[in-house]
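Text of the file entry24.cif, holding mmCIF, C-alpha atoms and all ligand atoms; chains and numbers go by the auth columns:
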```cif
data_entry
#
loop_
_atom_site.group_PDB
_atom_site.id
_atom_site.type_symbol
_atom_site.label_atom_id
_atom_site.label_comp_id
_atom_site.label_asym_id
_atom_site.label_seq_id
_atom_site.Cartn_x
_atom_site.Cartn_y
_atom_site.Cartn_z
_atom_site.B_iso_or_equiv
_atom_site.auth_seq_id
_atom_site.auth_asym_id
ATOM 1 C CA MET A 1 -8.307 -7.860 9.158 0.00 10 M
ATOM 2 C CA PHE A 2 -6.330 -8.936 6.162 0.00 11 M
ATOM 3 C CA MET A 3 -4.571 -6.474 3.972 0.00 12 M
ATOM 4 C CA ASP A 4 -6.837 -6.239 0.977 0.00 13 M
ATOM 5 C CA THR A 5 -4.668 -5.654 -2.045 0.00 14 M
ATOM 6 C CA ALA A 6 -7.649 -6.087 -4.346 0.00 15 M
ATOM 7 C CA ASN A 7 -9.044 -2.775 -3.250 0.00 16 M
ATOM 8 C CA PRO A 8 -6.939 0.056 -4.591 0.00 17 M
ATOM 9 C CA GLY A 9 -8.688 2.632 -2.442 0.00 18 M
ATOM 10 C CA GLY A 10 -6.802 5.250 -4.326 0.00 19 M
ATOM 11 C CA PRO A 11 -7.753 8.868 -4.742 0.00 20 M
ATOM 12 C CA GLY A 12 -10.381 9.758 -7.274 0.00 21 M
ATOM 13 C CA GLY A 13 -12.424 6.593 -6.908 0.00 22 M
ATOM 14 C CA GLU A 14 -10.494 4.502 -9.382 0.00 23 M
ATOM 15 C CA PRO A 15 -12.254 1.464 -10.749 0.00 24 M
ATOM 16 C CA SER A 16 -11.270 -1.705 -8.980 0.00 25 M
ATOM 17 C CA GLN A 17 -8.655 -2.757 -11.457 0.00 26 M
ATOM 18 C CA PRO A 18 -5.128 -3.432 -10.350 0.00 27 M
ATOM 19 C CA HIS A 19 -2.379 -1.212 -11.641 0.00 28 M
ATOM 20 C CA CYS A 20 1.150 -2.266 -12.239 0.00 29 M
ATOM 21 C CA HIS A 21 3.401 -0.819 -9.583 0.00 30 M
ATOM 22 C CA SER A 22 6.074 -0.114 -12.147 0.00 31 M
ATOM 23 C CA CYS A 23 4.519 1.175 -15.348 0.00 32 M
ATOM 24 C CA GLN A 24 1.277 2.317 -13.669 0.00 33 M
ATOM 25 C CA ARG A 25 -0.813 0.747 -16.378 0.00 34 M
ATOM 26 C CA VAL A 26 -3.861 -1.348 -15.700 0.00 35 M
ATOM 27 C CA ILE A 27 -3.227 -5.038 -15.365 0.00 36 M
ATOM 28 C CA SER A 28 -5.814 -6.640 -17.573 0.00 37 M
ATOM 29 C CA PRO A 29 -7.623 -9.714 -16.362 0.00 38 M
ATOM 30 C CA GLY A 30 -5.705 -12.796 -17.398 0.00 39 M
ATOM 31 C CA GLU A 31 -2.437 -10.970 -17.858 0.00 40 M
ATOM 32 C CA PRO A 32 0.495 -12.646 -16.166 0.00 41 M
ATOM 33 C CA THR A 33 1.381 -10.859 -12.978 0.00 42 M
ATOM 34 C CA ALA A 34 3.959 -11.134 -10.270 0.00 43 M
ATOM 35 C CA GLU A 35 3.783 -9.899 -6.752 0.00 44 M
ATOM 36 C CA VAL A 36 6.862 -8.379 -5.214 0.00 45 M
ATOM 37 C CA ARG A 37 7.178 -8.591 -1.487 0.00 46 M
ATOM 38 C CA PHE A 38 10.180 -7.446 0.441 0.00 47 M
ATOM 39 C CA GLU A 39 9.584 -8.909 3.867 0.00 48 M
ATOM 40 C CA GLU A 40 12.295 -6.999 5.607 0.00 49 M
ATOM 41 C CA GLY A 41 14.994 -4.515 5.047 0.00 50 M
ATOM 42 C CA ASP A 42 15.109 -0.994 3.863 0.00 51 M
ATOM 43 C CA GLU A 43 11.913 0.967 3.679 0.00 52 M
ATOM 44 C CA ARG A 44 12.882 2.010 0.170 0.00 53 M
ATOM 45 C CA PHE A 45 12.636 -1.590 -0.910 0.00 54 M
ATOM 46 C CA ARG A 46 9.396 -2.267 0.883 0.00 55 M
ATOM 47 C CA MET A 47 7.925 0.631 -1.058 0.00 56 M
ATOM 48 C CA LEU A 48 8.387 -1.564 -4.099 0.00 57 M
ATOM 49 C CA ASN A 49 5.980 -4.124 -2.724 0.00 58 M
ATOM 50 C CA GLY A 50 3.005 -4.582 -4.932 0.00 59 M
ATOM 51 C CA LEU A 51 1.553 -6.191 -7.968 0.00 60 M
ATOM 52 C CA TYR A 52 3.341 -5.958 -11.275 0.00 61 M
ATOM 53 C CA HIS A 53 3.057 -7.196 -14.784 0.00 62 M
ATOM 54 C CA ASP A 54 5.130 -10.320 -14.991 0.00 63 M
ATOM 55 C CA GLY A 55 7.641 -8.598 -17.220 0.00 64 M
ATOM 56 C CA CYS A 56 7.773 -5.430 -15.146 0.00 65 M
ATOM 57 C CA ALA A 57 8.501 -7.388 -11.985 0.00 66 M
ATOM 58 C CA ARG A 58 11.478 -9.198 -13.419 0.00 67 M
ATOM 59 C CA PRO A 59 14.144 -6.549 -12.855 0.00 68 M
ATOM 60 C CA ILE A 60 12.839 -5.982 -9.344 0.00 69 M
ATOM 61 C CA LEU A 61 12.775 -9.673 -8.569 0.00 70 M
ATOM 62 C CA SER A 62 16.358 -10.014 -9.737 0.00 71 M
ATOM 63 C CA VAL A 63 17.359 -7.168 -7.438 0.00 72 M
ATOM 64 C CA LYS A 64 15.517 -8.926 -4.647 0.00 73 M
ATOM 65 C CA ARG A 65 17.356 -12.158 -5.372 0.00 74 M
ATOM 66 C CA ALA A 66 20.659 -10.344 -5.280 0.00 75 M
ATOM 67 C CA LEU A 67 19.753 -8.734 -1.968 0.00 76 M
ATOM 68 C CA ASP A 68 18.700 -12.040 -0.508 0.00 77 M
ATOM 69 C CA MET A 69 22.044 -13.498 -1.496 0.00 78 M
ATOM 70 C CA LEU A 70 23.896 -10.569 0.022 0.00 79 M
ATOM 71 C CA ARG A 71 22.024 -11.080 3.247 0.00 80 M
ATOM 72 C CA GLY A 72 22.936 -14.735 3.192 0.00 81 M
ATOM 73 C CA ALA A 73 19.326 -15.724 3.424 0.00 82 M
ATOM 74 C CA PRO A 74 18.702 -19.423 3.739 0.00 83 M
ATOM 75 C CA GLY A 75 17.540 -21.166 0.593 0.00 84 M
ATOM 76 C CA ALA A 76 14.082 -21.692 1.979 0.00 85 M
HETATM 77 ZN ZN ZN B . 3.787 -3.005 -15.855 0.00 101 A
#
```

Spit out the file's structure as structure tokens when you get a sec.
Amino acid sequence: MFMDTANPGGPGGEPSQPHCHSCQRVISPGEPTAEVRFEEGDERFRMLNGLYHDGCARPILSVKRALDMLRGAPGA
């Protein structure tokens, strides 16, 4: 079974439209998006995993980059 991120499965039977993890607004079809995925580390960071508007994800992705550098992650 794959994790199906396309199905929100949220309470209240939301329509199957993705919501930005940051601003909670619907991500319209065709809007630029970015997926944030913390593979490891603190649970607080993994809670940030999800789909974002491209712009909304930017601050989170820069935090992620900083964390990766702090961890001395290899460039790959
Ligand atoms: Zn957003």

Counting all atoms listed in the file, what are the residues, protein, DNA or RNA alike, that approach ligand ZN 101 (chain A) to within 7 Å? I want them as a compact mmCIF listing (two decimals) with C-alpha atoms, in the coordinates of the input.
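The result, written out as part_11.txt:
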```txt
# COMPACT_ATOMS: atom_id res chain seq x y z
CA CYS M 29 1.15 -2.27 -12.24
CA HIS M 30 3.40 -0.82 -9.58
CA SER M 31 6.07 -0.11 -12.15
CA CYS M 32 4.52 1.18 -15.35
CA GLN M 33 1.28 2.32 -13.67
CA ARG M 34 -0.81 0.75 -16.38
CA TYR M 61 3.34 -5.96 -11.28
CA HIS M 62 3.06 -7.20 -14.78
CA GLY M 64 7.64 -8.60 -17.22
CA CYS M 65 7.77 -5.43 -15.15
```

- Item | Residue among M:Ala75, M:Ile36, M:Leu70, M:Glu44 lying closest to M:Asn58, counting only C-alpha atoms | M:Glu44

- Nearest to M:His28, chosen from M:Asp77, M:Glu49, M:Leu60, M:Ser71, with only C-alpha atoms counted in the distances: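 Of all the options, M:Leu60 lies closest to M:His28.
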
- Task: Check what the PyMOL selection byres (((chain M and resi 41) around 6) and not hetatm) selects in the file above and give those residues as an NGL selection string.
- Result: :M and (40 or 42 or 63)

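When only C-alpha atoms are used to measure the gap to M:Val72, the shortest distance among M:Glu48, M:Gly59, M:Phe54, M:Gly39 belongs to M:Phe54.
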
- Provide the atom CA of M:Arg74 to atom CA of M:Arg55 distance in Å, to one decimal place.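 Computing the Euclidean distance for atom CA of M:Arg74 and atom CA of M:Arg55 yields 14.2 Å.
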
May I have the centre and edge lengths, in Å to one decimal, of an axis-aligned box around the listed atoms of stretch 36-53 of chain M with 5 Å added to every side, as lines of an AutoDock Vina configuration file?
```
center_x = 3.7
center_y = -5.4
center_z = -6.1
size_x = 32.7
size_y = 24.8
size_z = 33.5
```

- From the list M:Lys73, M:Met78, M:Pro38, M:Pro68, which residue is nearest M:Asp51 when using all atoms listed in the file? M:Lys73

- Å distance separating atom CA of M:Arg53 from atom CA of M:Leu79, one decimal place: 16.7 Å
